[in-house]
>>> print(open('structure30.pdb').read())   # PDB, C-alpha atoms
ATOM      1  CA  LEU A   2       0.000   0.000   0.000  1.00  0.00           C
ATOM      2  CA  ASN A   3       2.942   2.315   0.581  1.00  0.00           C
ATOM      3  CA  ASP A   4       4.419   1.872  -2.893  1.00  0.00           C
ATOM      4  CA  TRP A   5       4.756   5.549  -3.844  1.00  0.00           C
ATOM      5  CA  ARG A   6       7.290   6.556  -6.439  1.00  0.00           C
ATOM      6  CA  TRP A   7       8.261  10.124  -7.145  1.00  0.00           C
ATOM      7  CA  TYR A   8       9.320  11.282 -10.604  1.00  0.00           C
ATOM      8  CA  ARG A   9      10.301  14.616 -12.017  1.00  0.00           C
ATOM      9  CA  LYS A  10       7.397  15.867 -14.123  1.00  0.00           C
ATOM     10  CA  ASP A  11       9.676  16.370 -17.133  1.00  0.00           C
ATOM     11  CA  ALA A  12      10.862  12.742 -16.880  1.00  0.00           C
ATOM     12  CA  VAL A  13       7.481  11.114 -17.571  1.00  0.00           C
ATOM     13  CA  GLU A  14       4.645  11.435 -20.063  1.00  0.00           C
ATOM     14  CA  ILE A  15       1.105  11.186 -18.737  1.00  0.00           C
ATOM     15  CA  MET A  16      -1.027   9.044 -21.034  1.00  0.00           C
ATOM     16  CA  GLN A  17      -4.832   9.247 -20.799  1.00  0.00           C
ATOM     17  CA  TYR A  18      -6.672   5.921 -20.528  1.00  0.00           C
ATOM     18  CA  THR A  19      -9.263   5.569 -23.312  1.00  0.00           C
ATOM     19  CA  TRP A  20     -11.491   3.026 -21.533  1.00  0.00           C
ATOM     20  CA  LEU A  21     -10.942   0.766 -24.547  1.00  0.00           C
ATOM     21  CA  LYS A  22      -9.120  -2.566 -24.817  1.00  0.00           C
ATOM     22  CA  ASP A  23      -7.426  -4.280 -27.739  1.00  0.00           C
ATOM     23  CA  SER A  24      -8.037  -7.799 -29.044  1.00  0.00           C
ATOM     24  CA  THR A  25      -5.926  -9.252 -26.202  1.00  0.00           C
ATOM     25  CA  TRP A  26      -7.812  -7.208 -23.588  1.00  0.00           C
ATOM     26  CA  LYS A  27      -4.836  -4.911 -23.002  1.00  0.00           C
ATOM     27  CA  GLU A  28      -5.856  -1.403 -21.931  1.00  0.00           C
ATOM     28  CA  ILE A  29      -5.369   1.268 -24.599  1.00  0.00           C
ATOM     29  CA  PHE A  30      -3.933   4.675 -23.741  1.00  0.00           C
ATOM     30  CA  GLU A  31      -3.493   7.871 -25.712  1.00  0.00           C
ATOM     31  CA  SER A  32      -0.227   7.647 -27.710  1.00  0.00           C
ATOM     32  CA  ASP A  33      -0.292   3.847 -27.884  1.00  0.00           C
ATOM     33  CA  ILE A  34       0.658   2.258 -31.194  1.00  0.00           C
ATOM     34  CA  ILE A  35      -1.832  -0.291 -32.504  1.00  0.00           C
ATOM     35  CA  LYS A  36      -1.030  -3.001 -35.064  1.00  0.00           C
ATOM     36  CA  HIS A  37      -4.143  -3.724 -37.102  1.00  0.00           C
ATOM     37  CA  GLU A  38      -4.874  -5.739 -40.231  1.00  0.00           C
ATOM     38  CA  GLU A  39      -5.067  -2.405 -42.086  1.00  0.00           C
ATOM     39  CA  GLY A  40      -1.690  -1.124 -40.830  1.00  0.00           C
ATOM     40  CA  GLU A  41      -0.227   0.562 -37.784  1.00  0.00           C
ATOM     41  CA  PHE A  42      -1.913   3.436 -36.002  1.00  0.00           C
ATOM     42  CA  THR A  43      -1.378   5.712 -33.037  1.00  0.00           C
ATOM     43  CA  ILE A  44      -4.178   6.725 -30.686  1.00  0.00           C
ATOM     44  CA  LYS A  45      -4.729  10.484 -30.391  1.00  0.00           C
ATOM     45  CA  TRP A  46      -7.088  12.847 -28.563  1.00  0.00           C
ATOM     46  CA  ASN A  47      -9.105  15.491 -30.419  1.00  0.00           C
ATOM     47  CA  ASN A  48      -9.945  18.467 -28.194  1.00  0.00           C
ATOM     48  CA  ASP A  49     -12.406  19.978 -30.665  1.00  0.00           C
ATOM     49  CA  PHE A  50     -14.662  16.921 -30.707  1.00  0.00           C
ATOM     50  CA  ALA A  51     -13.658  15.442 -27.299  1.00  0.00           C
ATOM     51  CA  TRP A  52     -12.963  11.958 -28.645  1.00  0.00           C
ATOM     52  CA  PHE A  53     -10.119   9.536 -29.206  1.00  0.00           C
ATOM     53  CA  TYR A  54      -9.239   8.688 -32.790  1.00  0.00           C
ATOM     54  CA  TRP A  55      -6.647   6.584 -34.582  1.00  0.00           C
ATOM     55  CA  LYS A  56      -4.122   8.056 -36.991  1.00  0.00           C
ATOM     56  CA  SER A  57      -2.331   5.950 -39.604  1.00  0.00           C
ATOM     57  CA  LEU A  58       1.447   5.548 -39.404  1.00  0.00           C
ATOM     58  CA  ASP A  59       1.583   3.753 -42.764  1.00  0.00           C
ATOM     59  CA  TRP A  60      -0.371   5.909 -45.154  1.00  0.00           C
ATOM     60  CA  LEU A  61       1.109   8.972 -46.803  1.00  0.00           C
ATOM     61  CA  TYR A  62      -2.016  10.948 -46.021  1.00  0.00           C
ATOM     62  CA  THR A  63      -3.699  10.950 -42.630  1.00  0.00           C
ATOM     63  CA  TYR A  64      -7.041   9.373 -41.804  1.00  0.00           C
ATOM     64  CA  TRP A  65      -8.662  10.228 -38.524  1.00  0.00           C
ATOM     65  CA  TYR A  66     -11.313   7.802 -37.404  1.00  0.00           C
ATOM     66  CA  ASP A  67     -13.270   7.486 -34.215  1.00  0.00           C
ATOM     67  CA  CYS A  68     -12.027   4.546 -32.139  1.00  0.00           C
ATOM     68  CA  ASP A  69     -14.732   1.906 -32.015  1.00  0.00           C
ATOM     69  CA  LEU A  70     -14.946  -1.508 -30.441  1.00  0.00           C
ATOM     70  CA  GLU A  71     -15.422  -3.397 -33.704  1.00  0.00           C
ATOM     71  CA  TRP A  72     -12.260  -1.903 -35.201  1.00  0.00           C
ATOM     72  CA  LEU A  73     -10.263  -2.720 -32.061  1.00  0.00           C
ATOM     73  CA  ASP A  74     -11.324  -6.380 -32.188  1.00  0.00           C
ATOM     74  CA  ASN A  75      -8.670  -6.800 -34.910  1.00  0.00           C
ATOM     75  CA  GLY A  76      -5.913  -4.691 -33.348  1.00  0.00           C
ATOM     76  CA  ARG A  77      -3.357  -5.042 -30.588  1.00  0.00           C
ATOM     77  CA  VAL A  78      -1.115  -2.626 -28.705  1.00  0.00           C
ATOM     78  CA  ILE A  79       2.523  -3.021 -29.764  1.00  0.00           C
ATOM     79  CA  GLY A  80       3.981  -0.069 -27.863  1.00  0.00           C
ATOM     80  CA  ASN A  81       3.655   3.690 -27.494  1.00  0.00           C
ATOM     81  CA  ILE A  82       5.309   6.720 -29.067  1.00  0.00           C
ATOM     82  CA  TYR A  83       7.429   7.481 -25.980  1.00  0.00           C
ATOM     83  CA  GLU A  84       8.866   4.065 -25.120  1.00  0.00           C
ATOM     84  CA  ASN A  85       9.039   2.804 -28.728  1.00  0.00           C
ATOM     85  CA  PRO A  86       9.832   5.795 -31.006  1.00  0.00           C
ATOM     86  CA  GLU A  87      11.466   3.422 -33.513  1.00  0.00           C
ATOM     87  CA  LEU A  88       7.967   2.156 -34.402  1.00  0.00           C
ATOM     88  CA  LEU A  89       7.176   5.597 -35.815  1.00  0.00           C
ATOM     89  CA  GLU A  90       9.917   5.358 -38.463  1.00  0.00           C
TER      90      GLU A  90
END
>>> encode(input="structure30.pdb", output="structure tokens")
Amino acid sequence: LNDWRWYRKDAVEIMQYTWLKDSTWKEIFESDIIKHEEGEFTIKWNNDFAWFYWKSLDWLYTYWYDCDLEWLDNGRVIGNIYENPELLE
């Protein structure tokens, strides 16, 4: 119960939980990278519409789609943009 850890605020990135899970039931957070049958995507937050969306890492142009449960049934979290920046290349 007393397992507190202190970090400098510039040493960590806070990632918002989306309340969604991937095909393996892993929790999905903002900035996670999802591998899907249609490619690889990162999860983003849109302030204007107050929703999470996925953005393609593979396509030359950007698609922004609302995250939905049916789409996530075929995807799995493979990392995030902070701990796995090599996945963005």
>>> resolve_selection(input="structure30.pdb", expression="the PyMOL selection byres ((chain A and resi 23) around 12)", output="PyMOL selection string")
chain A and resi 19-22+24-30+33-37+44+68-79
>>> resolve_selection(input="structure30.pdb", expression="the PyMOL selection byres ((chain A and resi 84) around 12)", output="list in words")
Val13, Glu14, Met16, Ser32, Asp33, Ile34, Ile79, Gly80, Asn81, Ile82, Tyr83, Asn85, Pro86, Glu87, Leu88 and Leu89 of chain A
>>> closest_residue(input="structure30.pdb", among="A:Trp52, A:Trp60, A:Trp5, A:Gln17", to="Glu31 in chain A", atoms="only C-alpha atoms")
A:Gln17
>>> atom_distance(input="structure30.pdb", atom1="CA of Glu38 in chain A", atom2="CA of Phe53 in chain A")
19.6 Å
>>> atom_distance(input="structure30.pdb", atom1="CA of Trp46 in chain A", atom2="CA of Asp59 in chain A")
19.0 Å
>>> atom_distance(input="structure30.pdb", atom1="CA of Ser57 in chain A", atom2="CA of Thr43 in chain A")
6.6 Å
